[in-house]
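Contents: one structure, followed by commentary.
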Amino acid sequence: KLTCLSPFAHGADNKAGNATLFRRQDILCTNNAMLSLPFYAGNAFRGTMRDALADHFIQSLGLTPRRDRPPVVLWFFHALYAGGALEETGTSLKNVMAKLGNNGAVNAGGIKELRDTLPGLSLLGAAIGNRILSGRCDFNDFRPRCVEYATGEVPIAELFEWTYLTRREDHEEHKEHSGMIANTECLKAGVVMDGGIDISTHINTLENSALGMGLKLIKERGKLGAENRRGLGKVEIEIVNAPDHLAYEQYLVEQKDDILQYLENITAIDIQEREDATASGKVDF
């Protein structure tokens with residue numbers, strides 16, 4: 001359950017000039033009418049969790065998460081933060097593909113080792129080389145409570161407002177005005193949205209605990225949607241039946257050296273980075 005504490009933005013695929021519309025989907029009603037109703041994509045929530053778990057994982061190894069100079073090699077960075085990318089070749093992928101299976105072969109033992117060693121990555125899935133590892137849970141879209149969804153008493157049109165952004169002209173000797181006005185369609189503060197996560201029957205204990213950690217991190221952050229830097233997207237999150245995160249947290253602490261060695265073996269981390277992380281002994285949550 002998401003309760004908006006500030007206007008909530010989630011941009012649509014189409015725009016109208018300098019206006020950003022809220023994302024909508026077409027829904028066929030029982031009377032055969034078609035309604036275009038807003039939603040917050042479960043995939044966006046999943047992406048937020050992926051980033052949060054990636055930062056937390058890198059910090060747990062004694063490294064510093066950085067987007068400009070990542071402490072891990074590029075293919076692994078993309079796998080952690082974006083779910084990876086399919087590549088047929090690449091020298092940096094040679095070792096990991098030898099473990100997962102290449103040229104059409106499948107190495108079940110290597111795939112199991114990766115999933116067991118990196119439960120946070122396994123939870124959300126990733127594309128590594130020419131191999132796609134499916135995630136262990138499905139993220140459903142969040143729908144605002146309203147008359148049209150048959151979940152509330154307020155019509156959907158009354159849940160929206162426009163927020164305006166003005167970039168002023170500071171150049172005192174300008175010849176042409178270069179200020180800018182933009183506006184964004186938002187759900188109002190106070191709107192409540194409901195969503196959920198379906199957990200696979202194949203999920204193991206550590207993957208389930210990693211999901212609990214991801215939910216904990218998102219709840220603590222308290223921001224979702226777009227334009228957080230402008231004060232939008234502050235939310236209060238209520239979670240029912242959240243998995244316990246402690247097993248995953250304890251695993252990262254106790255198995256830090258083994259995880260670093262595994263990452264070195266699959267060329268996911270530079271040897272010097274591993275030595276620095278091992279020497280520091282730092283685990284910062």
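The chains in the structure tokens are called A, B, ... from first to last as shown; in each chain the residues are counted from 1, and the ligands are counted from 1 in the order shown.
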Any idea what's packed within 6 Å of Ile269 of chain A, counting only C-alpha atoms, ignoring anything in its chain fewer than 2 positions away? Could you give it as a PyMOL selection string?
chain A and resi 72-73+263-264+267
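The residues of segment 19-84 of chain A that DSSP assigns to strand (DSSP E or B) on this backbone come out as Ala19, Thr20, Leu21, Phe22, Arg24, Gln25, Asp26, Ile27, Leu28, Met34, Leu35, Ser36, Leu37, Pro38, Tyr40, Val72 and Gly84 of chain A.
The smallest atom-to-atom distance between Leu187 of chain A and any of A:Leu133, A:Val235, A:Leu211, A:Ile218, using only C-alpha atoms, is found for A:Val235.
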Using only C-alpha atoms, which residue out of A:His245, A:Arg24, A:Lys188, A:Lys15 lies closest to Arg143 of chain A?
A:Arg24
At a cut-off of 10 Å, using only C-alpha atoms, what residues contact Ile132 of chain A? Leave out same-chain residues fewer than 2 positions from it and give the result as a PDB file with N, CA and C atoms, in the first residue's frame.
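Writing done, so here's around-v6.pdb:
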ATOM      1  N   GLY A  83      19.729  -5.151 -14.937  1.00  0.00           N
ATOM      2  CA  GLY A  83      19.304  -6.460 -15.392  1.00  0.00           C
ATOM      3  C   GLY A  83      20.145  -7.013 -16.522  1.00  0.00           C
ATOM      4  N   GLY A  84      21.273  -6.330 -16.842  1.00  0.00           N
ATOM      5  CA  GLY A  84      22.208  -6.852 -17.828  1.00  0.00           C
ATOM      6  C   GLY A  84      21.817  -6.578 -19.261  1.00  0.00           C
ATOM      7  N   ALA A  85      22.560  -7.179 -20.168  1.00  0.00           N
ATOM      8  CA  ALA A  85      22.315  -7.036 -21.606  1.00  0.00           C
ATOM      9  C   ALA A  85      22.814  -8.295 -22.292  1.00  0.00           C
ATOM     10  N   LEU A  86      22.078  -8.749 -23.301  1.00  0.00           N
ATOM     11  CA  LEU A  86      22.477  -9.947 -24.031  1.00  0.00           C
ATOM     12  C   LEU A  86      23.667  -9.637 -24.929  1.00  0.00           C
ATOM     13  N   GLY A 125      16.694 -11.518 -11.317  1.00  0.00           N
ATOM     14  CA  GLY A 125      17.046 -12.016 -12.629  1.00  0.00           C
ATOM     15  C   GLY A 125      17.988 -11.086 -13.371  1.00  0.00           C
ATOM     16  N   ALA A 126      18.603 -11.610 -14.435  1.00  0.00           N
ATOM     17  CA  ALA A 126      19.527 -10.801 -15.224  1.00  0.00           C
ATOM     18  C   ALA A 126      19.849 -11.514 -16.526  1.00  0.00           C
ATOM     19  N   ALA A 127      20.273 -10.720 -17.506  1.00  0.00           N
ATOM     20  CA  ALA A 127      20.805 -11.258 -18.752  1.00  0.00           C
ATOM     21  C   ALA A 127      22.325 -11.173 -18.666  1.00  0.00           C
ATOM     22  N   ILE A 128      22.982 -12.315 -18.778  1.00  0.00           N
ATOM     23  CA  ILE A 128      24.440 -12.379 -18.670  1.00  0.00           C
ATOM     24  C   ILE A 128      24.968 -13.116 -19.888  1.00  0.00           C
ATOM     25  N   GLY A 129      25.763 -12.447 -20.696  1.00  0.00           N
ATOM     26  CA  GLY A 129      26.233 -13.050 -21.926  1.00  0.00           C
ATOM     27  C   GLY A 129      25.056 -13.362 -22.827  1.00  0.00           C
ATOM     28  N   ASN A 130      24.912 -14.609 -23.240  1.00  0.00           N
ATOM     29  CA  ASN A 130      23.746 -15.011 -24.028  1.00  0.00           C
ATOM     30  C   ASN A 130      22.770 -15.834 -23.201  1.00  0.00           C
ATOM     31  N   SER A 134      16.013 -16.028 -15.155  1.00  0.00           N
ATOM     32  CA  SER A 134      14.735 -15.449 -14.745  1.00  0.00           C
ATOM     33  C   SER A 134      14.746 -15.120 -13.269  1.00  0.00           C
ATOM     34  N   GLY A 135      13.948 -14.120 -12.887  1.00  0.00           N
ATOM     35  CA  GLY A 135      13.828 -13.745 -11.491  1.00  0.00           C
ATOM     36  C   GLY A 135      12.928 -14.702 -10.730  1.00  0.00           C
TER      37      GLY A 135
END
Residues within 9 Å of segment 144-151 of chain A, please, as a compact mmCIF listing (two decimals) with N, CA and C atoms, in the first residue's frame. Count only C-alpha atoms; anything in the same chain fewer than 4 positions from it doesn't count.
# COMPACT_ATOMS: atom_id res chain seq x y z
N LEU A 2 0.70 2.10 -1.00
CA LEU A 2 1.44 3.35 -1.09
C LEU A 2 0.50 4.50 -0.80
N LEU A 35 -11.74 2.49 -20.91
CA LEU A 35 -11.28 3.56 -20.04
C LEU A 35 -9.75 3.59 -20.03
N LEU A 37 -6.92 4.45 -17.67
CA LEU A 37 -6.78 4.65 -16.23
C LEU A 37 -5.31 4.65 -15.81
N PRO A 38 -4.96 5.46 -14.82
CA PRO A 38 -3.56 5.59 -14.39
C PRO A 38 -3.10 4.38 -13.58
N PHE A 39 -1.79 4.16 -13.61
CA PHE A 39 -1.18 3.12 -12.79
C PHE A 39 0.29 3.45 -12.60
N TYR A 40 0.86 2.92 -11.52
CA TYR A 40 2.30 3.00 -11.29
C TYR A 40 2.87 1.62 -11.60
N PRO A 155 -13.92 9.66 -7.93
CA PRO A 155 -13.63 9.50 -9.36
C PRO A 155 -12.16 9.78 -9.65
N ILE A 156 -11.62 9.09 -10.62
CA ILE A 156 -10.20 9.20 -10.91
C ILE A 156 -9.80 10.63 -11.28
N LEU A 159 -8.38 12.85 -8.57
CA LEU A 159 -7.14 12.46 -7.90
C LEU A 159 -5.92 13.15 -8.49
N LEU A 187 -0.53 12.50 -9.32
CA LEU A 187 -1.54 12.12 -8.34
C LEU A 187 -1.36 12.99 -7.11
N VAL A 191 -3.48 10.35 -2.05
CA VAL A 191 -3.96 9.24 -2.87
C VAL A 191 -3.31 7.95 -2.40
N VAL A 192 -4.09 6.88 -2.39
CA VAL A 192 -3.60 5.57 -1.95
C VAL A 192 -3.58 4.62 -3.15
N MET A 193 -2.49 3.89 -3.31
CA MET A 193 -2.37 2.90 -4.38
C MET A 193 -2.08 1.53 -3.78
N ASP A 194 -2.61 0.50 -4.42
CA ASP A 194 -2.41 -0.87 -3.96
C ASP A 194 -1.68 -1.68 -5.03
Neighbour list for Leu74 of chain A as a count of residues only, cut-off 12 Å, only C-alpha atoms, skip fewer than 2 positions in-chain:
25
